[in-house]
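One structure is given here, and the rest of the page talks about it.
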Amino acid sequence: MNKEFHVFSDLKAKLKASPKKIIFTEGTDERILEATSRLLASSFLTPVLVGNPEEVHNAAEEAGFNIRGAKILDPANYERLDEMIDMFLDLRKGKGLTRDDARNMLSKSNYFGTMLVTMGYADCLLGGATYTTADTVRPALQLVKTKPGARSVTSCFILVRPKASGDDEVLAMADCSINIKPDVDTLVETAIGTAKCSRSFGIDPRVAFLSYSTFGSAKGEDVEKMRKAAEITRQLEPDLPLEGEVQFDTAVSPEVSAIKCPGSELAGTANVFIFPDINAGNICYKIAQRFGNFQAFGPILLGLNAPINDLSRGCNADEVYSMAIITASQALGD
């Protein structure tokens with residue numbers, strides 16, 4: 001990263017005390033190789049590249065990156081492949097798959113890499129440099145699956161920018177990339193998961209369920225949805241400061257909050273923002289990036305049994321490196 005934010009220094013310190021192993025599904029990609037080279041020079045994270053070893057080494061040499069000592073696993077020549085096929089078929093039982101079907105699917109690095117996490121070989125996975133989001137999330141849902149009690153997978157973005165004081169300003173926004181029009185229960189899971197994730201970045205979460213209405217100032221289906229989601233979340237997490245439904249200005253401005261909802265638990269100091277749909281979330285986090293000079297990290301997937309995250313196909317090596325740290329940090333647990 002061009003700028004080493006304090007939050008990443010803290011995450012790396014935690015990982016040094018408990019190093020993790022991460023799978024990169026696109027082992028020949030130049031951005032992955034650059035991030036791998038940087039990670040190999042550290043002592044807090046062990047990268048594992050999926051691909052043909054000769055092709056991976058040739059790609060690294062051509063790009064000028066030192067990946068000496070990197071572990072490379074080839075789906076076409078994996079010593080535990082029969083065991084992996086057995087487990088794959090057990091996880092997908094009832095789908096009518098044959099061993100040849102399983103072998104063909106596991107020849108793809110996204111399925112192969114996900115099974116490495118499922119089998120406990122690695123702690124986490126980062127993909128999507130060349131795969132679509134669906135091609136990263138689908139194997140995760142089929143093999144790693146969701147946590148007990150989780151109805152769905154959601155996501156959040158962490159936004160960071162330096163302050164004049166030298167500290168970082170850190171916010172969380174959700175869901176900006178997975179659920180197009182979440183229902184009440186999904187919003188509740190999103191809020192609780194995002195609040196938990198945000199604590200890893202030093203945020204003391206104060207959650208706003210956003211709407212075009214503040215406490216019934218306007219009516220509508222989405223207004224009612226956000227109000228109900230806030231109410232249920234408060235019942236489930238009574239110690240979590242939250243408010244909803246509220247407009248954005250009410251959520252972030254103490255002056256506006258004092259007028260529109262005096263006595264609010266947030267009092268205009270929200271730092272975790274839950275959006276009614278993906279349109280609002282995706283637009284707002286990008287506005288914060290472009291006009292607010294925040295750097296956005298994500299999407300960070302929430303609700304899976306193991307940390308698996310998706311890169312943008314337009315990512316750069318800095319983003320791969322930072323998302324690798326974030327993904328591994330999720331494996332640290334509470």
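Starting from 1 in every chain, residues are counted up; chains themselves are A, B, ... following the order of the structure tokens, and ligands are numbered from 1 as listed.
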
Polymer residues at most 8 Å from stretch 259-265 of chain A, only C-alpha atoms, same-chain spacing of 4 or more positions, as an mmCIF file with C-alpha atoms, in the first residue's frame:
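result.cif, freshly written:
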data_model
loop_
_atom_site.group_PDB
_atom_site.id
_atom_site.type_symbol
_atom_site.label_atom_id
_atom_site.label_comp_id
_atom_site.auth_asym_id
_atom_site.auth_seq_id
_atom_site.Cartn_x
_atom_site.Cartn_y
_atom_site.Cartn_z
ATOM 1 C CA THR A 214 -36.199 9.768 10.222
ATOM 2 C CA PHE A 215 -38.470 8.189 12.816
ATOM 3 C CA PRO A 241 -25.628 1.533 19.999
ATOM 4 C CA LEU A 242 -27.953 1.859 16.995
ATOM 5 C CA GLU A 243 -30.749 3.904 15.546
ATOM 6 C CA THR A 250 -29.310 12.710 11.146
ATOM 7 C CA GLU A 255 -26.754 19.408 15.101
#

TODO: Identify all residues of stretch 27-259 of chain A in strand (DSSP E) (DSSP on the backbone) and supply them as a ChimeraX atom specification.
DONE: /A:45-50,71-73,124-127,154-162,168-174,207-210,242-246

Task: Residue contacts of A:Val50 (7 Å, only C-alpha atoms) excluding same-chain residues fewer than 2 positions away, as a PyMOL selection string - done: chain A and resi 24-27+48+72-74+109+113

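For A:Ala70, the list of residues within 9 Å, based on only C-alpha atoms and with local chain neighbours fewer than 4 positions off taken out, reads Thr36, Ser37, Leu40, Thr46, Pro47, Val48 and Leu49 of chain A.
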
Keeping only C-alpha atoms, take the residues you just selected and write them out as an mmCIF file, in the first residue's frame.
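See out08.cif below for the written result:
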data_model
loop_
_atom_site.group_PDB
_atom_site.id
_atom_site.type_symbol
_atom_site.label_atom_id
_atom_site.label_comp_id
_atom_site.auth_asym_id
_atom_site.auth_seq_id
_atom_site.Cartn_x
_atom_site.Cartn_y
_atom_site.Cartn_z
ATOM 1 C CA THR A 36 2.727 -12.801 -2.709
ATOM 2 C CA SER A 37 6.263 -11.485 -3.000
ATOM 3 C CA LEU A 40 6.738 -13.786 1.670
ATOM 4 C CA THR A 46 1.775 -17.692 4.395
ATOM 5 C CA PRO A 47 0.523 -17.439 0.791
ATOM 6 C CA VAL A 48 -0.405 -20.570 -1.175
ATOM 7 C CA LEU A 49 -0.754 -20.191 -4.937
#

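Here atom CA of A:Leu126 and atom CA of A:Ala324 stand 6.7 Å from one another.
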
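Comparing A:Glu169, A:Asp29, A:Asp204, A:Glu189 by their smallest distance to A:Arg234, the closest is A:Glu189 (using only C-alpha atoms).
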
Open item on the list: Excluding stretch 134-137 of chain A and its own-chain neighbours fewer than 3 positions away, which residues fall within 12 Å of it when counting only C-alpha atoms? Please give them as JSON, numbers by chain.
Closed with: {"A": [24, 25, 26, 105, 108, 109, 110, 111, 112, 113, 114, 125, 126, 127, 128, 129, 130, 131, 140, 141, 142, 143, 144, 145, 146, 152, 153, 154, 155, 177, 178, 299, 300, 301, 302, 303, 304, 306, 307, 308, 309, 310, 311, 312, 313]}

Filtering to N, CA and C atoms, could you give me those residues as a compact mmCIF listing (two decimals), in the first residue's frame?
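This went into part.txt:
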# COMPACT_ATOMS: atom_id res chain seq x y z
N PHE A 24 -4.54 -18.26 -2.69
CA PHE A 24 -4.81 -17.39 -3.83
C PHE A 24 -5.18 -18.27 -5.01
N THR A 25 -6.39 -18.12 -5.52
CA THR A 25 -6.86 -19.04 -6.56
C THR A 25 -6.28 -18.74 -7.94
N GLU A 26 -5.73 -17.55 -8.13
CA GLU A 26 -5.20 -17.18 -9.45
C GLU A 26 -3.68 -16.98 -9.36
N MET A 105 -14.84 -30.48 -11.75
CA MET A 105 -15.06 -29.24 -11.02
C MET A 105 -13.85 -28.83 -10.21
N LYS A 108 -10.85 -26.79 -11.55
CA LYS A 108 -10.93 -25.34 -11.58
C LYS A 108 -10.40 -24.78 -10.26
N SER A 109 -9.59 -23.77 -10.37
CA SER A 109 -8.87 -23.29 -9.18
C SER A 109 -9.80 -22.72 -8.12
N ASN A 110 -10.97 -22.18 -8.51
CA ASN A 110 -11.87 -21.64 -7.49
C ASN A 110 -12.45 -22.76 -6.62
N TYR A 111 -12.85 -23.87 -7.23
CA TYR A 111 -13.36 -25.00 -6.44
C TYR A 111 -12.23 -25.71 -5.70
N PHE A 112 -11.12 -25.89 -6.36
CA PHE A 112 -9.97 -26.54 -5.72
C PHE A 112 -9.51 -25.74 -4.50
N GLY A 113 -9.37 -24.44 -4.65
CA GLY A 113 -8.92 -23.60 -3.55
C GLY A 113 -9.90 -23.60 -2.39
N THR A 114 -11.19 -23.56 -2.71
CA THR A 114 -12.20 -23.58 -1.65
C THR A 114 -12.17 -24.89 -0.89
N LEU A 125 -9.23 -17.79 2.06
CA LEU A 125 -9.04 -17.75 0.61
C LEU A 125 -9.37 -16.36 0.09
N LEU A 126 -8.61 -15.95 -0.92
CA LEU A 126 -8.87 -14.69 -1.61
C LEU A 126 -8.84 -14.96 -3.11
N GLY A 127 -9.95 -14.66 -3.78
CA GLY A 127 -10.05 -14.88 -5.22
C GLY A 127 -10.74 -13.72 -5.88
N GLY A 128 -10.90 -13.82 -7.21
CA GLY A 128 -11.65 -12.81 -7.92
C GLY A 128 -10.83 -11.88 -8.78
N ALA A 129 -9.50 -12.05 -8.83
CA ALA A 129 -8.69 -11.20 -9.70
C ALA A 129 -9.08 -11.40 -11.16
N THR A 130 -9.47 -12.63 -11.49
CA THR A 130 -9.95 -12.94 -12.84
C THR A 130 -11.33 -13.57 -12.81
N TYR A 131 -11.73 -14.12 -11.68
CA TYR A 131 -13.07 -14.72 -11.54
C TYR A 131 -14.11 -13.64 -11.24
N ALA A 140 -17.95 -21.22 -2.28
CA ALA A 140 -17.96 -21.00 -0.83
C ALA A 140 -19.29 -21.42 -0.22
N LEU A 141 -20.38 -21.04 -0.86
CA LEU A 141 -21.70 -21.42 -0.35
C LEU A 141 -21.93 -22.92 -0.43
N GLN A 142 -21.42 -23.56 -1.47
CA GLN A 142 -21.64 -24.99 -1.67
C GLN A 142 -20.76 -25.85 -0.77
N LEU A 143 -19.56 -25.37 -0.44
CA LEU A 143 -18.58 -26.21 0.24
C LEU A 143 -18.27 -25.75 1.66
N VAL A 144 -17.88 -24.51 1.83
CA VAL A 144 -17.62 -23.98 3.17
C VAL A 144 -18.94 -23.76 3.90
N LYS A 145 -19.93 -23.25 3.18
CA LYS A 145 -21.29 -23.02 3.67
C LYS A 145 -21.34 -21.91 4.73
N THR A 146 -22.57 -21.60 5.13
CA THR A 146 -22.74 -20.50 6.08
C THR A 146 -22.59 -20.98 7.51
N SER A 152 -27.91 -16.15 5.34
CA SER A 152 -27.36 -15.69 4.07
C SER A 152 -25.95 -15.17 4.26
N VAL A 153 -25.29 -14.94 3.14
CA VAL A 153 -23.99 -14.27 3.14
C VAL A 153 -24.23 -12.80 2.82
N THR A 154 -23.62 -11.94 3.58
CA THR A 154 -23.71 -10.50 3.34
C THR A 154 -22.28 -9.97 3.20
N SER A 155 -22.15 -8.66 3.12
CA SER A 155 -20.81 -8.09 2.97
C SER A 155 -20.76 -6.68 3.50
N SER A 177 -22.57 -4.98 -2.01
CA SER A 177 -22.12 -5.80 -3.14
C SER A 177 -22.80 -7.16 -3.30
N ILE A 178 -23.54 -7.65 -2.32
CA ILE A 178 -24.05 -9.02 -2.41
C ILE A 178 -25.57 -9.07 -2.54
N PRO A 299 -15.22 -6.01 -1.19
CA PRO A 299 -16.17 -6.41 -0.15
C PRO A 299 -15.61 -7.48 0.77
N ILE A 300 -15.92 -7.36 2.05
CA ILE A 300 -15.56 -8.36 3.04
C ILE A 300 -16.80 -9.21 3.27
N LEU A 301 -16.72 -10.49 2.92
CA LEU A 301 -17.88 -11.36 3.02
C LEU A 301 -18.12 -11.78 4.47
N LEU A 302 -19.38 -11.78 4.87
CA LEU A 302 -19.78 -12.09 6.24
C LEU A 302 -20.78 -13.24 6.23
N GLY A 303 -20.67 -14.13 7.22
CA GLY A 303 -21.64 -15.19 7.38
C GLY A 303 -21.17 -16.56 6.93
N LEU A 304 -19.96 -16.66 6.35
CA LEU A 304 -19.43 -17.95 5.93
C LEU A 304 -18.72 -18.64 7.08
N ALA A 306 -15.85 -19.96 6.97
CA ALA A 306 -14.42 -19.66 6.91
C ALA A 306 -14.25 -18.38 6.09
N PRO A 307 -13.20 -17.61 6.33
CA PRO A 307 -13.01 -16.35 5.60
C PRO A 307 -12.69 -16.59 4.13
N ILE A 308 -13.57 -16.16 3.26
CA ILE A 308 -13.36 -16.20 1.82
C ILE A 308 -13.81 -14.86 1.28
N ASN A 309 -12.91 -14.19 0.55
CA ASN A 309 -13.24 -12.87 0.05
C ASN A 309 -13.00 -12.75 -1.45
N ASP A 310 -13.65 -11.76 -2.01
CA ASP A 310 -13.68 -11.56 -3.46
C ASP A 310 -12.98 -10.25 -3.83
N LEU A 311 -12.06 -10.34 -4.76
CA LEU A 311 -11.39 -9.15 -5.28
C LEU A 311 -12.17 -8.58 -6.46
N SER A 312 -11.99 -7.32 -6.70
CA SER A 312 -12.47 -6.74 -7.95
C SER A 312 -11.52 -7.15 -9.08
N ARG A 313 -12.07 -7.44 -10.25
CA ARG A 313 -11.20 -7.79 -11.37
C ARG A 313 -10.35 -6.61 -11.82

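The nearest approach to A:Arg38 among the residues A:Glu83, A:Ala60, A:Tyr321, A:Ser329, with only C-alpha atoms taken into account, belongs to A:Tyr321.
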
TODO: Determine which residues of stretch 87-301 of chain A DSSP labels as alpha helix (DSSP H) from the backbone of this structure, then write them out as a PyMOL selection string.
DONE: chain A and resi 87-91+99-106+109-118+133-139+184-199+221-236+248-252+254-260+278-292

Open item on the list: List the spatial neighbours of A:Gly268 as a PyMOL selection string - criterion: any atom at most 6 Å away, only C-alpha atoms, same-chain residues fewer than 3 positions off excluded.
Closed with: chain A and resi 250-254+257

Preceding selection exported with N, CA and C atoms as a CSV table (one decimal), in the first residue's frame:
chain,number,residue,atom,x,y,z
A,250,THR,N,-29.0,13.0,9.7
A,250,THR,CA,-29.3,12.7,11.1
A,250,THR,C,-28.3,11.8,11.8
A,251,ALA,N,-27.8,10.8,11.0
A,251,ALA,CA,-26.9,9.8,11.5
A,251,ALA,C,-25.5,10.4,11.8
A,252,VAL,N,-25.1,11.4,11.0
A,252,VAL,CA,-23.7,11.9,11.2
A,252,VAL,C,-23.6,13.3,11.7
A,253,SER,N,-24.6,14.0,11.8
A,253,SER,CA,-24.5,15.4,12.3
A,253,SER,C,-25.2,15.6,13.6
A,254,PRO,N,-24.4,15.9,14.7
A,254,PRO,CA,-25.1,16.1,16.0
A,254,PRO,C,-26.1,17.2,16.0
A,257,SER,N,-29.2,15.9,14.2
A,257,SER,CA,-29.8,14.9,15.1
A,257,SER,C,-30.6,15.5,16.3

Tell me, counting only C-alpha atoms, for each residue of stretch 126-173 of chain A within 8 Å of stretch 279-289 of chain A, which pair of atoms is nearest and how far apart they are in Å to one decimal, in rows ordered by chain and increasing number, as a Markdown table.
| residue | atom | partner | partner_atom | distance |
| --- | --- | --- | --- | --- |
| A:Phe157 | CA | A:Tyr285 | CA | 7.8 |
| A:Leu159 | CA | A:Gln289 | CA | 8.0 |
| A:Met173 | CA | A:Tyr285 | CA | 7.0 |

Take the residues that were just selected and, keeping C-alpha atoms, output them as a tab-separated table (two decimals), in the first residue's frame.
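Listed below is the output, again_4.tsv:
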chain	number	residue	atom	x	y	z
A	157	PHE	CA	-16.74	-2.30	3.08
A	159	LEU	CA	-13.46	2.92	4.52
A	173	MET	CA	-20.81	0.41	5.07
